[in-house]
Amino acid sequence: MVRARKHLHGVVVLLALAAGACGNSGDGGAVLTTTTAPPESTTTAPPESTTTAPPESTTTAPPESTTTAPPESTTTAPPETTTTTAPPESTTTTAPPETTTTTLPDPRHEFVSLDGVPGVTDEEIRFAVIGLRSNNPLGTCVLDCYLDGINSYFEYRNAEGGLFGRDLVIHEELDDELLQNQVRALEVIAGEDSFAAFSATLVATGWGDLDEAAIPTFVWNIHAAESANRFNIFGHIPAMCAECTQRHVPYLAKLAGATKVASLGYGISENSKVCAQSVSDSIDRYSAEIGAEMAYFNDDLDFGLPNGIAPEVTAMMGAGVDFISTCMDLNGMKSMAQEMKRQGMDAVLYHPNSYNHPFVAEAGDLFEGDYVAPQFEPFEADSGNELAAAFEAQMATGGRDLSELAMIGWINAHTAFEALLGAGPEFDRASVIADMNSRTAWDAGGLIAPIDWTRQHVPTTPDDQSNGPRLECAASLRMTGGAMETVADPATPWICWDNVDQEWSEPQQMSFGG
């Protein structure tokens, strides 16, 4: 295996751009469930009610009237002789008593006035949103797209009457400008104007402060270290083991018919470096089962590829590489694909961060046959998920574009809503946190692989799998014609492995939330 490294060029940008590819994508917390159909219920029809028809009424015809010729001018009128026999009374069937149905009040709309709960008035439950807008080195939509999802979810629920007689509202919208996440978090803590917080950023330095302040915080969890062992932080996926091996990327290499694999990462990002090593270890572990081996490794690329990637492409061609997994941003992936095309290199790419429909469409056939895997049920699925349908409908109503970060915002907002609902109308921060931390198979309405929040705040390690996911799942997509399609059946878009022993096996196709 060829191993290349190069020195950094003095660029110091702290990113978490590849962490999403290295965690247990769609971590699972629920054992595969087999549902046995119940026996058909047998209903004994009640006997038909019997009504005794009355006998036909009988009328006795009168005898013919007889007239006796009297002496002149005298006539004797005949007596009336018509006799009618009354019918006996008919048998009456007694109707069953009317069934009384009691309609219980919807617990969502039970109002209790609360004193001393930060960010809660009689009219509103207020939230802060901290995210990256300015100085984004990736040039992608983070905070604004994330807000699209949260706002859409709040509009959806408020149209139903809100929660506990109150509207859900974004009260603070804070741009962390890449390196000011902790400053913004401290502002939220000091202000005491918001009940809970949402966060989507590349540098999550403020998450520890929010956790210590016991503020329920719902996040885009691409940060293994910043979310680990923090029991007030709830991500769209749980705390991750960046170093652990996984079966997902080896499985894609097998699907592609690959025999020689490369793994690439950025030297400036520790997350990217750890991710690249994890992929390499995974290929080594399952090499015999997938019929492929590691042929090239480089975890020291310059972020943004300012000097191009031609030497690396040439080296990979020389090593016979036909499948490349990276822990790089989408712009780096495009630069590499263009250089591969220029040099005539034919290899399939795995993109950790390219679930971006305009980006893929603009690339045309540049990514033909490549793979990507969002960490939620993809828009291309057709599982009949009601919450996914509500997301698309509400986004359309608001004139907003579908995006990865919008769905993450929607999932985070749904998690906050359900935790509040579970805590009940006399809620506070502690009871909301306690409710979510009691859930052993949280799947956000089927949008994510199940999480066991009683265990999975604590990350697993290569040597200790006790807090690991019970299912390793990925919602893999194949790029084709500038669009994407599910690798699995669209009705069961998740590809999952039982994590009992992490040995190689063929995955099962699944959907959640049913």
# chains A, B, ... in the order shown; residues from 1 in each chain; ligands from 1

call {"tool": "select_by_dssp", "arguments": {"residues": "segment 205-331 of chain A", "states": "strand (DSSP E)", "output": "number ranges by chain"}}
result
A: 217-219, 233-235, 260-266, 293-301, 323-327

call {"tool": "residues_around", "arguments": {"residues": "segment 368-382 of chain A", "least_positions_apart": "4", "cutoff": "9 Å", "atoms": "only C-alpha atoms", "output": "JSON, numbers by chain"}}
result
{"A": [20, 21, 24, 25, 26, 27, 236, 237, 252, 256, 347, 348, 349, 350, 351, 352, 353, 354, 355, 364, 388, 392, 402, 404, 407, 408, 411, 446, 447, 448, 449, 473, 474, 475, 476, 477, 478, 479, 480, 481, 482, 484, 485, 486, 487, 489, 490, 491, 492, 493, 494, 511, 512]}

call {"tool": "write_last_selection", "arguments": {"atoms": "C-alpha atoms", "output": "PDB file, in the first residue's frame"}}
result
ATOM      1  CA  GLY A  20     -20.544  12.925   9.595  1.00  0.00           C
ATOM      2  CA  ALA A  21     -18.933  10.240   7.471  1.00  0.00           C
ATOM      3  CA  ASN A  24     -22.361   5.319  12.947  1.00  0.00           C
ATOM      4  CA  SER A  25     -24.498   6.845  10.236  1.00  0.00           C
ATOM      5  CA  GLY A  26     -28.029   6.500  11.529  1.00  0.00           C
ATOM      6  CA  ASP A  27     -26.891   4.869  14.783  1.00  0.00           C
ATOM      7  CA  HIS A 236     -29.743  13.610  14.914  1.00  0.00           C
ATOM      8  CA  ILE A 237     -27.317  10.751  15.527  1.00  0.00           C
ATOM      9  CA  LEU A 252     -20.253  -0.186  -1.167  1.00  0.00           C
ATOM     10  CA  ALA A 256     -18.998  -1.490  -7.041  1.00  0.00           C
ATOM     11  CA  ALA A 347     -12.965   4.682 -10.187  1.00  0.00           C
ATOM     12  CA  VAL A 348     -16.089   4.927  -8.024  1.00  0.00           C
ATOM     13  CA  LEU A 349     -16.127   7.587  -5.288  1.00  0.00           C
ATOM     14  CA  TYR A 350     -17.807   7.519  -1.888  1.00  0.00           C
ATOM     15  CA  HIS A 351     -18.912  11.070  -0.952  1.00  0.00           C
ATOM     16  CA  PRO A 352     -19.505  11.687   2.775  1.00  0.00           C
ATOM     17  CA  ASN A 353     -20.817  15.244   2.369  1.00  0.00           C
ATOM     18  CA  SER A 354     -22.363  15.563  -1.096  1.00  0.00           C
ATOM     19  CA  TYR A 355     -26.073  15.063  -0.356  1.00  0.00           C
ATOM     20  CA  GLY A 364     -24.038  16.134 -14.499  1.00  0.00           C
ATOM     21  CA  ALA A 388     -41.298  12.916   5.813  1.00  0.00           C
ATOM     22  CA  GLU A 392     -41.906  18.167   2.121  1.00  0.00           C
ATOM     23  CA  LEU A 402     -35.357  20.842   0.379  1.00  0.00           C
ATOM     24  CA  GLU A 404     -29.865  18.175   4.096  1.00  0.00           C
ATOM     25  CA  MET A 407     -34.138  17.987   7.331  1.00  0.00           C
ATOM     26  CA  ILE A 408     -31.667  18.011  10.233  1.00  0.00           C
ATOM     27  CA  ILE A 411     -35.566  16.271  13.032  1.00  0.00           C
ATOM     28  CA  GLY A 446     -38.940   6.929  11.477  1.00  0.00           C
ATOM     29  CA  LEU A 447     -36.641   9.540   9.939  1.00  0.00           C
ATOM     30  CA  ILE A 448     -33.468   8.186  11.580  1.00  0.00           C
ATOM     31  CA  ALA A 449     -32.152   4.824  12.717  1.00  0.00           C
ATOM     32  CA  CYS A 473     -27.417   1.450   9.363  1.00  0.00           C
ATOM     33  CA  ALA A 474     -26.837   3.646   6.327  1.00  0.00           C
ATOM     34  CA  ALA A 475     -29.278   5.113   3.797  1.00  0.00           C
ATOM     35  CA  SER A 476     -27.057   4.702   0.739  1.00  0.00           C
ATOM     36  CA  LEU A 477     -27.749   6.400  -2.587  1.00  0.00           C
ATOM     37  CA  ARG A 478     -26.212   5.992  -6.029  1.00  0.00           C
ATOM     38  CA  MET A 479     -25.670   9.055  -8.210  1.00  0.00           C
ATOM     39  CA  THR A 480     -26.854   8.755 -11.771  1.00  0.00           C
ATOM     40  CA  GLY A 481     -27.752  11.295 -14.442  1.00  0.00           C
ATOM     41  CA  GLY A 482     -27.236  14.238 -12.102  1.00  0.00           C
ATOM     42  CA  MET A 484     -29.741  10.133  -6.857  1.00  0.00           C
ATOM     43  CA  GLU A 485     -31.534   6.837  -6.263  1.00  0.00           C
ATOM     44  CA  THR A 486     -31.669   4.501  -3.284  1.00  0.00           C
ATOM     45  CA  VAL A 487     -29.364   1.489  -3.317  1.00  0.00           C
ATOM     46  CA  ASP A 489     -35.709  -0.706  -2.278  1.00  0.00           C
ATOM     47  CA  PRO A 490     -37.175   2.821  -1.873  1.00  0.00           C
ATOM     48  CA  ALA A 491     -39.810   1.349   0.460  1.00  0.00           C
ATOM     49  CA  THR A 492     -37.064   0.034   2.781  1.00  0.00           C
ATOM     50  CA  PRO A 493     -34.217   2.486   2.142  1.00  0.00           C
ATOM     51  CA  TRP A 494     -31.968   1.623   5.100  1.00  0.00           C
ATOM     52  CA  SER A 511     -37.482   1.228   7.306  1.00  0.00           C
ATOM     53  CA  PHE A 512     -38.371   2.690  10.692  1.00  0.00           C
TER      54      PHE A 512
END

call {"tool": "residues_around", "arguments": {"residues": "Gln246 of chain A", "least_positions_apart": "6", "cutoff": "8 Å", "atoms": "only C-alpha atoms", "output": "list in words"}}
result
Asn24, Ser278, Val279, Ser282 and Glu472 of chain A

call {"tool": "select_by_dssp", "arguments": {"residues": "segment 139-358 of chain A", "states": "helix (DSSP H, G or I)", "output": "PyMOL selection string"}}
result
chain A and resi 143-158+181-191+207-212+224-227+248-255+270-285+287-290+310-318+330-343+357-358

call {"tool": "atom_distance", "arguments": {"atom1": "atom CA of Val261 of chain A", "atom2": "atom CA of Glu312 of chain A"}}
result
13.5 Å

call {"tool": "closest_residue", "arguments": {"among": "A:Gly265, A:Pro306, A:Pro507, A:Pro238", "to": "Pro469 of chain A", "atoms": "only C-alpha atoms"}}
result
A:Pro238

call {"tool": "residues_around", "arguments": {"residues": "segment 111-128 of chain A", "least_positions_apart": "2", "cutoff": "9 Å", "atoms": "only C-alpha atoms", "output": "number ranges by chain"}}
result
A: 107-109, 130, 162-174, 188, 192-199, 425-429

call {"tool": "closest_residue", "arguments": {"among": "A:Trp207, A:Lys254, A:Glu212, A:Asp106", "to": "Gly161 of chain A", "atoms": "only C-alpha atoms"}}
result
A:Asp106

call {"tool": "residues_around", "arguments": {"residues": "Asn232 of chain A", "least_positions_apart": "5", "cutoff": "10 Å", "atoms": "only C-alpha atoms", "output": "list in words"}}
result
Trp207, Gly208, Leu210, Asp211, Glu212, Ala213, Ala214, Ile215, Pro216, Thr217, Phe218, Ser227, Arg429, Ala430, Val432, Ile433, Ala434, Met436, Asn437 and His457 of chain A

call {"tool": "residues_around", "arguments": {"residues": "Glu506 of chain A", "least_positions_apart": "6", "cutoff": "12 Å", "atoms": "only C-alpha atoms", "output": "PDB file with C-alpha atoms, in the first residue's frame"}}
result
ATOM      1  CA  ARG A 247     -19.314  -2.360   7.281  1.00  0.00           C
ATOM      2  CA  HIS A 248     -20.959   0.351   5.205  1.00  0.00           C
ATOM      3  CA  PRO A 250     -16.663  -1.977   2.516  1.00  0.00           C
ATOM      4  CA  TYR A 251     -20.149  -3.005   1.403  1.00  0.00           C
ATOM      5  CA  LEU A 252     -20.253  -0.186  -1.167  1.00  0.00           C
ATOM      6  CA  LYS A 254     -18.163  -4.735  -2.863  1.00  0.00           C
ATOM      7  CA  LEU A 255     -21.261  -3.439  -4.692  1.00  0.00           C
ATOM      8  CA  GLU A 289     -15.330 -10.984   2.547  1.00  0.00           C
ATOM      9  CA  ILE A 290     -15.521  -8.131   0.020  1.00  0.00           C
ATOM     10  CA  ILE A 495     -29.177  -0.951   4.776  1.00  0.00           C
ATOM     11  CA  CYS A 496     -28.572  -2.402   8.249  1.00  0.00           C
ATOM     12  CA  TRP A 497     -26.400  -4.929  10.067  1.00  0.00           C
ATOM     13  CA  ASP A 498     -26.984  -6.452  13.473  1.00  0.00           C
TER      14      ASP A 498
END

call {"tool": "residues_around", "arguments": {"residues": "Gln343 of chain A", "least_positions_apart": "6", "cutoff": "9 Å", "atoms": "only C-alpha atoms", "output": "list in words"}}
result
Ala310, Val313, Thr314 and Met317 of chain A

call {"tool": "write_last_selection", "arguments": {"atoms": "C-alpha atoms", "output": "mmCIF file, in the first residue's frame"}}
result
data_model
loop_
_atom_site.group_PDB
_atom_site.id
_atom_site.type_symbol
_atom_site.label_atom_id
_atom_site.label_comp_id
_atom_site.auth_asym_id
_atom_site.auth_seq_id
_atom_site.Cartn_x
_atom_site.Cartn_y
_atom_site.Cartn_z
ATOM 1 C CA ALA A 310 -2.988 15.631 -9.761
ATOM 2 C CA VAL A 313 -4.633 10.848 -8.755
ATOM 3 C CA THR A 314 -1.561 9.716 -10.696
ATOM 4 C CA MET A 317 -3.915 5.118 -10.933
#
